[in-house]
There are 2 protein chains.
Amino acid sequence: MKIAVRNWISFVVFAALLAAFSAAAQSDPLPSWHDTATKKAIVAFVEKVTKKGSPDFVSPAERIATFDNDGTLWPSHPMYTQLAFALDRIRALAPQHPEWKSKQPFKAVLDNDLEALAASGEKGMVELVMASHAGMSTAEFEAIVTDWFDKARHPRFKRRYTELAYQPMLELLAYLRANGFKTFIVSGGGVEFMRPMTEKAYGIPPEQVVGSTIKTKYEVRDGEPVLMRLPAIGFIDDKAGKPVGINEFIGRRPLAAFGNSAGDREMLEWTGAAGGARLMMLVFHDDAQREYAYGPANGLPDTKFGTFPQSLMDEAKKKGWVVISMKDDWKTIFSNN
Amino acid sequence: MKIAVRNWISFVVFAALLAAFSAAAQSDPLPSWHDTATKKAIVAFVEKVTKKGSPDFVSPAERIATFDNDGTLWPSHPMYTQLAFALDRIRALAPQHPEWKSKQPFKAVLDNDLEALAASGEKGMVELVMASHAGMSTAEFEAIVTDWFDKARHPRFKRRYTELAYQPMLELLAYLRANGFKTFIVSGGGVEFMRPMTEKAYGIPPEQVVGSTIKTKYEVRDGEPVLMRLPAIGFIDDKAGKPVGINEFIGRRPLAAFGNSAGDREMLEWTGAAGGARLMMLVFHDDAQREYAYGPANGLPDTKFGTFPQSLMDEAKKKGWVVISMKDDWKTIFSNN
C-alpha cells in the first residue's frame, strides 16, 4: 500500500512536471530562436506594447509591422528570386525572339554569361524586366508567376522558393499576428511577382503586400476588361522609396520594421523616428554553412543582392536597432531541416 | 385568482411578443433601408456568398468590397468636400500670397466668383490643388485636414462633413463586415485627404483607403525624417484608374463594388466581369428634398460633381447592376434625422 501511494505520488509529480514542461513548450511562440538577447528583445517589445495599462501600450489598430522580403523572409542569394524568374522567362521566350541571340543583355542571359549580364548595368536590368514582366494582362502574368513558383527550384537548396521562408521569421510573423499586429511586406520586389505566393508562404494576404510596380492600363479586349502590364516603371519601393510606399499604400507609420540591407535603412529610420516604443531589426547574413555570409560588415566582399555596409551596422548600434545573427540567434533556418 | 392568472398569461404573451419583435428588429442589419427589391438584393447576395455549401460560397479572404466615397458614402454636392477644403485653404493662405489677388484661379476663389473658377478649367483646378495640398510634410497636411474636418460645416446641412455619412451605407458597411467582408474605399479623392477621417466616419482604417495621390519625397529635415508633399500628381484614381488602383493597392478583384457616377463605371465593369456571384450597385441621387437630385438620368441638368449619364443607367439595367433610389430605398439619409 505504501508503495502504491508512493507510486501514485510519483505519478502525480511526474504528470505535473510533464504538464508544466509541455505548457512551457507550447507557450514559447518562437521555438526556432535561441534564447538570446535578440529573442528577449522581441518578446519584451511585444509585451510592453500589448499590455493594457503599460505606458507603451499601443491600440491594435496601430500595430503595423512591415517586413522586407528578399534576405529578410527568404534568401536573396545567389540572386534575387525575381531575377531568377526573369532569366528563366527570357530563356522560355527566346524561341519567339531570334534577335536576342545577338542582342545584349538577352545574349548574356542565353549564353549564361554573368559577366556580360552585369556589364549591361541598370539599363540592361530594366530591359530584362520589361521583356519578362510586361506586355501581358495582369491575369496572364499571375498565371505565369504561379506556374514558375511551382516548378522552379533554388539552385543550392533544391526546394521551391516558397519553401525557403525562414522558419524563425514565420514564427515571428505568427507571434506578431497573435498579438494583434497586422503584418505587411514592404519590398523592392515587384508587387505582382510577390502577391501570388505571399499568402501561402507567409500568411500575408495580397492587400498587405507593398512593392515596386510597373504601370498598368485598363482596356476592354474582345468585350472583356483587362489590365495590361505596360513596359514602364510605376514605382520603385526601395531605399527612400520604402517610407514613400508605406505612406502611400498603408497610410500608417509602422510600429515595428524588419529588413536586412541598405535598401531597408530609410524604412527603419522612418519607423524609429516616430517616437514611442518601436522595434527595428535587421537580419544579418553571417551563416555561410546553413545559408549565406556576405558583405563588408562580415569582413567579406560586398554583394549586389542585399548589401549590408559597415555604416548600416554602425547606425544600427547607434540607434538601438536589433541585429539578428542567423548563426547565433536561429536554431533552424528553414522549416523541416 | 382567475384574474391574476389571466393577467399573468397576458404578461407572458406580451413579453413573448416583445421579445419576438425586438429580436426581429435586432436581426435586421439594414433598418434604414425600406423593404424593397434593393434591400432584398443585398441580403440575398450576402447570404449566398457566405452560406457554406452554397454553390456561390466565397472564402472570407476573397470577400473584398470597394466603395466610392463622394456621392456614395457622403454627399458630393454642392461641391466635392475636398474642393470645399481647397477653397477654404486658399482663403486661409491668401494673406501670405498678395499676388493671388490678381492671379487666376486664385482671384476667382478670393472673389467667390464661381463662373471664373469654372472657366479656369482642369489646369486651374490642378493649380488650386497644388497650392493647397502640397509644399508641406505629410504630418503637417494631416494636421491641417484634421483641423478642417473639425471646424468646417456643410453649407446646407450645417453639420460636420464626417457627420453626413449616409446612414443606410453605414449599415451596409457594418453588415458586410459582420459577414466577413473587408471594406475598402476606392475614390477619386486624395488618399491623404480621406485617411484622417475614414476610420471615424465609416469604420474603414487608413490601410483600406485607395485614392488619388500626389508624389512625396523622403527627406531628412533638421535630423528628422519627413515625407514632403510635392506639387506633382502621382496617380488619379478615377474612371479607368479605379481598376488600376484596385489592382495596385489591393491586389484582389472585388466581390462587391459600390459607386454613384460615371467615375465608377470601370470599377463596376471590372468587378462584374470577374464572373461568379458579384454585387454591383449605384447610389442614384433622386431625392432633392432630403439630399439632392441631379443629372440626365433624372431628366435634370448634368453636374460636375458626380455625373450620372443615361448611358450609365442603361448599362446598369443591361448588366444587372442594382440602382439604389435614395428616395424610395432609404428610410433615412443621415444618422439622427
# chains A, B, ... in the order shown; residues from 1 in each chain; ligands from 1
call {"tool": "interface_residues", "arguments": {"of": "chain A", "to": "chain B", "cutoff": "7 Å", "atoms": "only C-alpha atoms", "output": "number ranges by chain"}}
result
A: 206-207, 216-218, 224-225, 240, 243-244, 249-252, 270, 273
call {"tool": "select_by_dssp", "arguments": {"residues": "stretch 27-153 of chain B", "states": "alpha helix (DSSP H)", "output": "PDB file with N, CA, C and O atoms, in the first residue's frame"}}
result
ATOM      1  N   SER B  27     -32.395  41.639 -35.596  1.00  0.00           N
ATOM      2  CA  SER B  27     -31.842  40.801 -36.646  1.00  0.00           C
ATOM      3  C   SER B  27     -31.875  41.503 -37.996  1.00  0.00           C
ATOM      4  O   SER B  27     -31.316  41.011 -38.949  1.00  0.00           O
ATOM      5  N   ALA B  37     -36.935  45.816 -53.319  1.00  0.00           N
ATOM      6  CA  ALA B  37     -36.118  44.856 -54.074  1.00  0.00           C
ATOM      7  C   ALA B  37     -34.626  45.117 -53.877  1.00  0.00           C
ATOM      8  O   ALA B  37     -33.810  44.190 -53.897  1.00  0.00           O
ATOM      9  N   THR B  38     -34.258  46.389 -53.670  1.00  0.00           N
ATOM     10  CA  THR B  38     -32.852  46.742 -53.493  1.00  0.00           C
ATOM     11  C   THR B  38     -32.293  46.076 -52.244  1.00  0.00           C
ATOM     12  O   THR B  38     -31.240  45.421 -52.280  1.00  0.00           O
ATOM     13  N   LYS B  39     -32.989  46.268 -51.138  1.00  0.00           N
ATOM     14  CA  LYS B  39     -32.555  45.649 -49.886  1.00  0.00           C
ATOM     15  C   LYS B  39     -32.527  44.125 -50.017  1.00  0.00           C
ATOM     16  O   LYS B  39     -31.584  43.470 -49.579  1.00  0.00           O
ATOM     17  N   LYS B  40     -33.549  43.574 -50.648  1.00  0.00           N
ATOM     18  CA  LYS B  40     -33.609  42.116 -50.823  1.00  0.00           C
ATOM     19  C   LYS B  40     -32.415  41.611 -51.646  1.00  0.00           C
ATOM     20  O   LYS B  40     -31.866  40.546 -51.383  1.00  0.00           O
ATOM     21  N   ALA B  41     -32.010  42.409 -52.647  1.00  0.00           N
ATOM     22  CA  ALA B  41     -30.880  42.003 -53.488  1.00  0.00           C
ATOM     23  C   ALA B  41     -29.588  41.961 -52.669  1.00  0.00           C
ATOM     24  O   ALA B  41     -28.761  41.055 -52.836  1.00  0.00           O
ATOM     25  N   ILE B  42     -29.421  42.922 -51.767  1.00  0.00           N
ATOM     26  CA  ILE B  42     -28.219  42.948 -50.920  1.00  0.00           C
ATOM     27  C   ILE B  42     -28.191  41.713 -50.020  1.00  0.00           C
ATOM     28  O   ILE B  42     -27.190  40.988 -49.964  1.00  0.00           O
ATOM     29  N   VAL B  43     -29.307  41.476 -49.332  1.00  0.00           N
ATOM     30  CA  VAL B  43     -29.348  40.376 -48.362  1.00  0.00           C
ATOM     31  C   VAL B  43     -29.185  39.030 -49.073  1.00  0.00           C
ATOM     32  O   VAL B  43     -28.430  38.163 -48.619  1.00  0.00           O
ATOM     33  N   ALA B  44     -29.850  38.888 -50.223  1.00  0.00           N
ATOM     34  CA  ALA B  44     -29.754  37.617 -50.963  1.00  0.00           C
ATOM     35  C   ALA B  44     -28.313  37.370 -51.403  1.00  0.00           C
ATOM     36  O   ALA B  44     -27.803  36.243 -51.317  1.00  0.00           O
ATOM     37  N   PHE B  45     -27.645  38.429 -51.863  1.00  0.00           N
ATOM     38  CA  PHE B  45     -26.258  38.283 -52.298  1.00  0.00           C
ATOM     39  C   PHE B  45     -25.365  37.861 -51.135  1.00  0.00           C
ATOM     40  O   PHE B  45     -24.581  36.908 -51.244  1.00  0.00           O
ATOM     41  N   VAL B  46     -25.487  38.563 -50.021  1.00  0.00           N
ATOM     42  CA  VAL B  46     -24.620  38.261 -48.872  1.00  0.00           C
ATOM     43  C   VAL B  46     -24.870  36.838 -48.388  1.00  0.00           C
ATOM     44  O   VAL B  46     -23.929  36.098 -48.084  1.00  0.00           O
ATOM     45  N   GLU B  47     -26.133  36.442 -48.364  1.00  0.00           N
ATOM     46  CA  GLU B  47     -26.432  35.084 -47.889  1.00  0.00           C
ATOM     47  C   GLU B  47     -25.834  34.030 -48.803  1.00  0.00           C
ATOM     48  O   GLU B  47     -25.255  33.058 -48.347  1.00  0.00           O
ATOM     49  N   LYS B  48     -25.915  34.241 -50.116  1.00  0.00           N
ATOM     50  CA  LYS B  48     -25.438  33.165 -50.999  1.00  0.00           C
ATOM     51  C   LYS B  48     -23.907  33.062 -51.040  1.00  0.00           C
ATOM     52  O   LYS B  48     -23.387  31.974 -51.191  1.00  0.00           O
ATOM     53  N   VAL B  49     -23.206  34.176 -50.855  1.00  0.00           N
ATOM     54  CA  VAL B  49     -21.734  34.054 -50.898  1.00  0.00           C
ATOM     55  C   VAL B  49     -21.139  33.658 -49.546  1.00  0.00           C
ATOM     56  O   VAL B  49     -19.958  33.309 -49.468  1.00  0.00           O
ATOM     57  N   THR B  50     -21.954  33.720 -48.481  1.00  0.00           N
ATOM     58  CA  THR B  50     -21.415  33.380 -47.157  1.00  0.00           C
ATOM     59  C   THR B  50     -21.917  32.042 -46.629  1.00  0.00           C
ATOM     60  O   THR B  50     -21.388  31.549 -45.630  1.00  0.00           O
ATOM     61  N   THR B  81     -16.331  67.643 -51.261  1.00  0.00           N
ATOM     62  CA  THR B  81     -15.832  68.104 -49.966  1.00  0.00           C
ATOM     63  C   THR B  81     -14.373  68.563 -50.077  1.00  0.00           C
ATOM     64  O   THR B  81     -13.965  69.560 -49.475  1.00  0.00           O
ATOM     65  N   GLN B  82     -13.598  67.837 -50.870  1.00  0.00           N
ATOM     66  CA  GLN B  82     -12.181  68.189 -50.982  1.00  0.00           C
ATOM     67  C   GLN B  82     -11.982  69.529 -51.685  1.00  0.00           C
ATOM     68  O   GLN B  82     -11.021  70.241 -51.404  1.00  0.00           O
ATOM     69  N   LEU B  83     -12.902  69.873 -52.586  1.00  0.00           N
ATOM     70  CA  LEU B  83     -12.821  71.188 -53.230  1.00  0.00           C
ATOM     71  C   LEU B  83     -13.175  72.284 -52.208  1.00  0.00           C
ATOM     72  O   LEU B  83     -12.529  73.341 -52.168  1.00  0.00           O
ATOM     73  N   ALA B  84     -14.175  72.006 -51.370  1.00  0.00           N
ATOM     74  CA  ALA B  84     -14.500  72.967 -50.303  1.00  0.00           C
ATOM     75  C   ALA B  84     -13.278  73.194 -49.411  1.00  0.00           C
ATOM     76  O   ALA B  84     -12.971  74.332 -49.022  1.00  0.00           O
ATOM     77  N   PHE B  85     -12.572  72.097 -49.110  1.00  0.00           N
ATOM     78  CA  PHE B  85     -11.340  72.206 -48.324  1.00  0.00           C
ATOM     79  C   PHE B  85     -10.298  73.059 -49.040  1.00  0.00           C
ATOM     80  O   PHE B  85      -9.688  73.963 -48.460  1.00  0.00           O
ATOM     81  N   ALA B  86     -10.114  72.784 -50.349  1.00  0.00           N
ATOM     82  CA  ALA B  86      -9.100  73.515 -51.127  1.00  0.00           C
ATOM     83  C   ALA B  86      -9.422  75.015 -51.141  1.00  0.00           C
ATOM     84  O   ALA B  86      -8.529  75.849 -50.967  1.00  0.00           O
ATOM     85  N   LEU B  87     -10.696  75.342 -51.328  1.00  0.00           N
ATOM     86  CA  LEU B  87     -11.076  76.765 -51.387  1.00  0.00           C
ATOM     87  C   LEU B  87     -10.850  77.435 -50.028  1.00  0.00           C
ATOM     88  O   LEU B  87     -10.313  78.542 -49.950  1.00  0.00           O
ATOM     89  N   ASP B  88     -11.248  76.768 -48.949  1.00  0.00           N
ATOM     90  CA  ASP B  88     -11.002  77.313 -47.602  1.00  0.00           C
ATOM     91  C   ASP B  88      -9.512  77.514 -47.361  1.00  0.00           C
ATOM     92  O   ASP B  88      -9.089  78.492 -46.737  1.00  0.00           O
ATOM     93  N   ARG B  89      -8.739  76.562 -47.853  1.00  0.00           N
ATOM     94  CA  ARG B  89      -7.282  76.603 -47.652  1.00  0.00           C
ATOM     95  C   ARG B  89      -6.665  77.786 -48.415  1.00  0.00           C
ATOM     96  O   ARG B  89      -5.788  78.476 -47.910  1.00  0.00           O
ATOM     97  N   ILE B  90      -7.141  78.007 -49.648  1.00  0.00           N
ATOM     98  CA  ILE B  90      -6.658  79.132 -50.443  1.00  0.00           C
ATOM     99  C   ILE B  90      -6.977  80.443 -49.713  1.00  0.00           C
ATOM    100  O   ILE B  90      -6.118  81.329 -49.585  1.00  0.00           O
ATOM    101  N   ARG B  91      -8.188  80.548 -49.183  1.00  0.00           N
ATOM    102  CA  ARG B  91      -8.574  81.758 -48.441  1.00  0.00           C
ATOM    103  C   ARG B  91      -7.677  81.943 -47.219  1.00  0.00           C
ATOM    104  O   ARG B  91      -7.255  83.060 -46.912  1.00  0.00           O
ATOM    105  N   ALA B  92      -7.381  80.844 -46.534  1.00  0.00           N
ATOM    106  CA  ALA B  92      -6.551  80.943 -45.323  1.00  0.00           C
ATOM    107  C   ALA B  92      -5.114  81.340 -45.651  1.00  0.00           C
ATOM    108  O   ALA B  92      -4.449  82.027 -44.864  1.00  0.00           O
ATOM    109  N   LEU B  93      -4.640  80.906 -46.818  1.00  0.00           N
ATOM    110  CA  LEU B  93      -3.246  81.183 -47.189  1.00  0.00           C
ATOM    111  C   LEU B  93      -3.096  82.518 -47.914  1.00  0.00           C
ATOM    112  O   LEU B  93      -1.974  82.991 -48.126  1.00  0.00           O
ATOM    113  N   PHE B 106      -6.752  81.894 -58.453  1.00  0.00           N
ATOM    114  CA  PHE B 106      -6.832  82.292 -57.046  1.00  0.00           C
ATOM    115  C   PHE B 106      -7.766  83.484 -56.839  1.00  0.00           C
ATOM    116  O   PHE B 106      -8.534  83.534 -55.881  1.00  0.00           O
ATOM    117  N   LYS B 107      -7.677  84.440 -57.781  1.00  0.00           N
ATOM    118  CA  LYS B 107      -8.554  85.613 -57.715  1.00  0.00           C
ATOM    119  C   LYS B 107     -10.030  85.178 -57.670  1.00  0.00           C
ATOM    120  O   LYS B 107     -10.825  85.706 -56.879  1.00  0.00           O
ATOM    121  N   ALA B 108     -10.368  84.216 -58.504  1.00  0.00           N
ATOM    122  CA  ALA B 108     -11.757  83.735 -58.557  1.00  0.00           C
ATOM    123  C   ALA B 108     -12.190  83.183 -57.199  1.00  0.00           C
ATOM    124  O   ALA B 108     -13.318  83.414 -56.755  1.00  0.00           O
ATOM    125  N   VAL B 109     -11.291  82.463 -56.545  1.00  0.00           N
ATOM    126  CA  VAL B 109     -11.620  81.897 -55.231  1.00  0.00           C
ATOM    127  C   VAL B 109     -11.845  83.024 -54.233  1.00  0.00           C
ATOM    128  O   VAL B 109     -12.846  83.042 -53.505  1.00  0.00           O
ATOM    129  N   LEU B 110     -10.926  84.003 -54.235  1.00  0.00           N
ATOM    130  CA  LEU B 110     -10.997  85.082 -53.241  1.00  0.00           C
ATOM    131  C   LEU B 110     -12.199  85.998 -53.506  1.00  0.00           C
ATOM    132  O   LEU B 110     -12.791  86.532 -52.565  1.00  0.00           O
ATOM    133  N   LEU B 114     -17.596  81.962 -58.905  1.00  0.00           N
ATOM    134  CA  LEU B 114     -17.622  80.560 -59.327  1.00  0.00           C
ATOM    135  C   LEU B 114     -17.550  80.406 -60.841  1.00  0.00           C
ATOM    136  O   LEU B 114     -17.037  79.414 -61.343  1.00  0.00           O
ATOM    137  N   GLU B 115     -18.046  81.421 -61.568  1.00  0.00           N
ATOM    138  CA  GLU B 115     -18.009  81.361 -63.029  1.00  0.00           C
ATOM    139  C   GLU B 115     -16.556  81.425 -63.529  1.00  0.00           C
ATOM    140  O   GLU B 115     -16.143  80.609 -64.359  1.00  0.00           O
ATOM    141  N   ALA B 116     -15.805  82.366 -62.989  1.00  0.00           N
ATOM    142  CA  ALA B 116     -14.389  82.487 -63.369  1.00  0.00           C
ATOM    143  C   ALA B 116     -13.612  81.246 -62.932  1.00  0.00           C
ATOM    144  O   ALA B 116     -12.702  80.781 -63.622  1.00  0.00           O
ATOM    145  N   LEU B 117     -14.010  80.691 -61.783  1.00  0.00           N
ATOM    146  CA  LEU B 117     -13.350  79.481 -61.280  1.00  0.00           C
ATOM    147  C   LEU B 117     -13.570  78.325 -62.255  1.00  0.00           C
ATOM    148  O   LEU B 117     -12.619  77.629 -62.637  1.00  0.00           O
ATOM    149  N   ALA B 118     -14.815  78.155 -62.690  1.00  0.00           N
ATOM    150  CA  ALA B 118     -15.130  77.095 -63.649  1.00  0.00           C
ATOM    151  C   ALA B 118     -14.375  77.321 -64.953  1.00  0.00           C
ATOM    152  O   ALA B 118     -13.882  76.377 -65.569  1.00  0.00           O
ATOM    153  N   ALA B 119     -14.246  78.585 -65.344  1.00  0.00           N
ATOM    154  CA  ALA B 119     -13.558  78.905 -66.600  1.00  0.00           C
ATOM    155  C   ALA B 119     -12.072  78.565 -66.542  1.00  0.00           C
ATOM    156  O   ALA B 119     -11.430  78.386 -67.575  1.00  0.00           O
ATOM    157  N   GLY B 121     -10.886  75.894 -65.651  1.00  0.00           N
ATOM    158  CA  GLY B 121     -10.762  74.525 -66.166  1.00  0.00           C
ATOM    159  C   GLY B 121      -9.906  73.614 -65.310  1.00  0.00           C
ATOM    160  O   GLY B 121      -9.631  73.895 -64.139  1.00  0.00           O
ATOM    161  N   GLU B 122      -9.483  72.506 -65.928  1.00  0.00           N
ATOM    162  CA  GLU B 122      -8.718  71.495 -65.203  1.00  0.00           C
ATOM    163  C   GLU B 122      -7.365  72.034 -64.764  1.00  0.00           C
ATOM    164  O   GLU B 122      -6.885  71.737 -63.676  1.00  0.00           O
ATOM    165  N   LYS B 123      -6.769  72.878 -65.633  1.00  0.00           N
ATOM    166  CA  LYS B 123      -5.475  73.482 -65.311  1.00  0.00           C
ATOM    167  C   LYS B 123      -5.594  74.314 -64.027  1.00  0.00           C
ATOM    168  O   LYS B 123      -4.746  74.250 -63.131  1.00  0.00           O
ATOM    169  N   GLY B 124      -6.677  75.071 -63.937  1.00  0.00           N
ATOM    170  CA  GLY B 124      -6.915  75.874 -62.744  1.00  0.00           C
ATOM    171  C   GLY B 124      -7.089  75.013 -61.505  1.00  0.00           C
ATOM    172  O   GLY B 124      -6.554  75.321 -60.438  1.00  0.00           O
ATOM    173  N   MET B 125      -7.842  73.921 -61.667  1.00  0.00           N
ATOM    174  CA  MET B 125      -8.077  73.017 -60.527  1.00  0.00           C
ATOM    175  C   MET B 125      -6.759  72.445 -60.006  1.00  0.00           C
ATOM    176  O   MET B 125      -6.538  72.367 -58.806  1.00  0.00           O
ATOM    177  N   VAL B 126      -5.911  72.020 -60.959  1.00  0.00           N
ATOM    178  CA  VAL B 126      -4.622  71.448 -60.556  1.00  0.00           C
ATOM    179  C   VAL B 126      -3.804  72.497 -59.802  1.00  0.00           C
ATOM    180  O   VAL B 126      -3.204  72.208 -58.762  1.00  0.00           O
ATOM    181  N   GLU B 127      -3.843  73.744 -60.275  1.00  0.00           N
ATOM    182  CA  GLU B 127      -3.116  74.813 -59.578  1.00  0.00           C
ATOM    183  C   GLU B 127      -3.638  75.001 -58.155  1.00  0.00           C
ATOM    184  O   GLU B 127      -2.875  75.185 -57.209  1.00  0.00           O
ATOM    185  N   LEU B 128      -4.961  74.941 -58.013  1.00  0.00           N
ATOM    186  CA  LEU B 128      -5.562  75.095 -56.676  1.00  0.00           C
ATOM    187  C   LEU B 128      -5.163  73.945 -55.760  1.00  0.00           C
ATOM    188  O   LEU B 128      -4.841  74.149 -54.583  1.00  0.00           O
ATOM    189  N   VAL B 129      -5.195  72.737 -56.319  1.00  0.00           N
ATOM    190  CA  VAL B 129      -4.839  71.567 -55.508  1.00  0.00           C
ATOM    191  C   VAL B 129      -3.380  71.667 -55.067  1.00  0.00           C
ATOM    192  O   VAL B 129      -3.055  71.452 -53.896  1.00  0.00           O
ATOM    193  N   MET B 130      -2.506  72.031 -55.997  1.00  0.00           N
ATOM    194  CA  MET B 130      -1.088  72.085 -55.655  1.00  0.00           C
ATOM    195  C   MET B 130      -0.823  73.164 -54.595  1.00  0.00           C
ATOM    196  O   MET B 130      -0.056  72.956 -53.658  1.00  0.00           O
ATOM    197  N   ALA B 131      -1.488  74.311 -54.742  1.00  0.00           N
ATOM    198  CA  ALA B 131      -1.267  75.402 -53.785  1.00  0.00           C
ATOM    199  C   ALA B 131      -1.813  75.058 -52.403  1.00  0.00           C
ATOM    200  O   ALA B 131      -1.309  75.537 -51.387  1.00  0.00           O
ATOM    201  N   SER B 132      -2.843  74.195 -52.368  1.00  0.00           N
ATOM    202  CA  SER B 132      -3.488  73.905 -51.083  1.00  0.00           C
ATOM    203  C   SER B 132      -3.076  72.569 -50.487  1.00  0.00           C
ATOM    204  O   SER B 132      -3.218  72.350 -49.290  1.00  0.00           O
ATOM    205  N   HIS B 133      -2.560  71.656 -51.302  1.00  0.00           N
ATOM    206  CA  HIS B 133      -2.280  70.296 -50.837  1.00  0.00           C
ATOM    207  C   HIS B 133      -0.796  69.942 -50.805  1.00  0.00           C
ATOM    208  O   HIS B 133      -0.443  68.879 -50.296  1.00  0.00           O
ATOM    209  N   THR B 138       3.793  65.314 -44.872  1.00  0.00           N
ATOM    210  CA  THR B 138       2.560  64.530 -44.734  1.00  0.00           C
ATOM    211  C   THR B 138       1.945  64.725 -43.342  1.00  0.00           C
ATOM    212  O   THR B 138       0.725  64.774 -43.205  1.00  0.00           O
ATOM    213  N   ALA B 139       2.790  64.847 -42.330  1.00  0.00           N
ATOM    214  CA  ALA B 139       2.275  65.041 -40.961  1.00  0.00           C
ATOM    215  C   ALA B 139       1.597  66.402 -40.835  1.00  0.00           C
ATOM    216  O   ALA B 139       0.546  66.534 -40.205  1.00  0.00           O
ATOM    217  N   GLU B 140       2.210  67.431 -41.452  1.00  0.00           N
ATOM    218  CA  GLU B 140       1.603  68.767 -41.420  1.00  0.00           C
ATOM    219  C   GLU B 140       0.263  68.772 -42.159  1.00  0.00           C
ATOM    220  O   GLU B 140      -0.713  69.357 -41.693  1.00  0.00           O
ATOM    221  N   PHE B 141       0.232  68.093 -43.310  1.00  0.00           N
ATOM    222  CA  PHE B 141      -1.018  68.047 -44.075  1.00  0.00           C
ATOM    223  C   PHE B 141      -2.107  67.336 -43.281  1.00  0.00           C
ATOM    224  O   PHE B 141      -3.259  67.785 -43.236  1.00  0.00           O
ATOM    225  N   GLU B 142      -1.741  66.250 -42.630  1.00  0.00           N
ATOM    226  CA  GLU B 142      -2.726  65.508 -41.833  1.00  0.00           C
ATOM    227  C   GLU B 142      -3.317  66.402 -40.739  1.00  0.00           C
ATOM    228  O   GLU B 142      -4.528  66.383 -40.489  1.00  0.00           O
ATOM    229  N   ALA B 143      -2.469  67.210 -40.109  1.00  0.00           N
ATOM    230  CA  ALA B 143      -2.943  68.103 -39.045  1.00  0.00           C
ATOM    231  C   ALA B 143      -3.893  69.167 -39.610  1.00  0.00           C
ATOM    232  O   ALA B 143      -4.924  69.480 -39.011  1.00  0.00           O
ATOM    233  N   ILE B 144      -3.552  69.699 -40.793  1.00  0.00           N
ATOM    234  CA  ILE B 144      -4.397  70.719 -41.435  1.00  0.00           C
ATOM    235  C   ILE B 144      -5.770  70.129 -41.775  1.00  0.00           C
ATOM    236  O   ILE B 144      -6.809  70.732 -41.515  1.00  0.00           O
ATOM    237  N   VAL B 145      -5.750  68.926 -42.353  1.00  0.00           N
ATOM    238  CA  VAL B 145      -7.000  68.274 -42.758  1.00  0.00           C
ATOM    239  C   VAL B 145      -7.857  67.941 -41.535  1.00  0.00           C
ATOM    240  O   VAL B 145      -9.076  68.178 -41.522  1.00  0.00           O
ATOM    241  N   THR B 146      -7.224  67.411 -40.504  1.00  0.00           N
ATOM    242  CA  THR B 146      -7.959  67.035 -39.287  1.00  0.00           C
ATOM    243  C   THR B 146      -8.629  68.255 -38.667  1.00  0.00           C
ATOM    244  O   THR B 146      -9.793  68.211 -38.258  1.00  0.00           O
ATOM    245  N   ASP B 147      -7.889  69.344 -38.634  1.00  0.00           N
ATOM    246  CA  ASP B 147      -8.427  70.587 -38.075  1.00  0.00           C
ATOM    247  C   ASP B 147      -9.602  71.090 -38.922  1.00  0.00           C
ATOM    248  O   ASP B 147     -10.637  71.511 -38.391  1.00  0.00           O
ATOM    249  N   TRP B 148      -9.442  71.016 -40.241  1.00  0.00           N
ATOM    250  CA  TRP B 148     -10.520  71.485 -41.132  1.00  0.00           C
ATOM    251  C   TRP B 148     -11.783  70.653 -40.934  1.00  0.00           C
ATOM    252  O   TRP B 148     -12.888  71.207 -40.835  1.00  0.00           O
ATOM    253  N   PHE B 149     -11.633  69.324 -40.861  1.00  0.00           N
ATOM    254  CA  PHE B 149     -12.823  68.475 -40.679  1.00  0.00           C
ATOM    255  C   PHE B 149     -13.532  68.784 -39.359  1.00  0.00           C
ATOM    256  O   PHE B 149     -14.743  68.634 -39.247  1.00  0.00           O
ATOM    257  N   ASP B 150     -12.767  69.223 -38.388  1.00  0.00           N
ATOM    258  CA  ASP B 150     -13.382  69.569 -37.100  1.00  0.00           C
ATOM    259  C   ASP B 150     -14.177  70.870 -37.203  1.00  0.00           C
ATOM    260  O   ASP B 150     -15.262  70.995 -36.635  1.00  0.00           O
ATOM    261  N   LYS B 151     -13.638  71.833 -37.961  1.00  0.00           N
ATOM    262  CA  LYS B 151     -14.253  73.174 -37.974  1.00  0.00           C
ATOM    263  C   LYS B 151     -15.261  73.401 -39.091  1.00  0.00           C
ATOM    264  O   LYS B 151     -16.215  74.159 -38.917  1.00  0.00           O
TER     265      LYS B 151
END
call {"tool": "select_by_dssp", "arguments": {"residues": "stretch 107-232 of chain B", "states": "strand (DSSP E or B)", "output": "ChimeraX atom specification"}}
result
/B:137,166,182-190,209-221,224-232
call {"tool": "residues_around", "arguments": {"residues": "B:Asp286", "least_positions_apart": "6", "cutoff": "10 Å", "atoms": "only C-alpha atoms", "output": "list of chain:residue names"}}
result
B:Tyr292, B:Ala293, B:Tyr294, B:Gly295, B:Ala297, B:Asn298, B:Leu300, B:Ile324, B:Ser325, B:Met326, B:Lys327, B:Asp328
call {"tool": "atom_distance", "arguments": {"atom1": "atom CA of B:Met280", "atom2": "atom CA of B:Ala316"}}
result
8.7 Å
call {"tool": "atom_distance", "arguments": {"atom1": "atom CA of A:Gly203", "atom2": "atom CA of A:Asn336"}}
result
17.8 Å
call {"tool": "residues_around", "arguments": {"residues": "B:Gln167", "least_positions_apart": "5", "cutoff": "8 Å", "atoms": "only C-alpha atoms", "output": "list in words"}}
result
Ser32, Thr332, Ile333, Phe334 and Ser335 of chain B
call {"tool": "write_last_selection", "arguments": {"atoms": "N, CA and C atoms", "output": "mmCIF file, in the first residue's frame"}}
result
data_model
loop_
_atom_site.group_PDB
_atom_site.id
_atom_site.type_symbol
_atom_site.label_atom_id
_atom_site.label_comp_id
_atom_site.auth_asym_id
_atom_site.auth_seq_id
_atom_site.Cartn_x
_atom_site.Cartn_y
_atom_site.Cartn_z
ATOM 1 N N SER B 32 -32.368 51.096 -41.835
ATOM 2 C CA SER B 32 -32.664 52.353 -42.531
ATOM 3 C C SER B 32 -33.010 52.148 -43.995
ATOM 4 N N THR B 332 -34.010 56.786 -44.048
ATOM 5 C CA THR B 332 -33.334 57.997 -43.583
ATOM 6 C C THR B 332 -32.107 58.192 -44.444
ATOM 7 N N ILE B 333 -31.618 59.415 -44.484
ATOM 8 C CA ILE B 333 -30.427 59.699 -45.277
ATOM 9 C C ILE B 333 -29.212 59.775 -44.347
ATOM 10 N N PHE B 334 -29.309 60.619 -43.355
ATOM 11 C CA PHE B 334 -28.204 60.790 -42.417
ATOM 12 C C PHE B 334 -28.596 60.190 -41.064
ATOM 13 N N SER B 335 -27.636 59.983 -40.216
ATOM 14 C CA SER B 335 -27.954 59.475 -38.883
ATOM 15 C C SER B 335 -28.648 60.569 -38.072
#
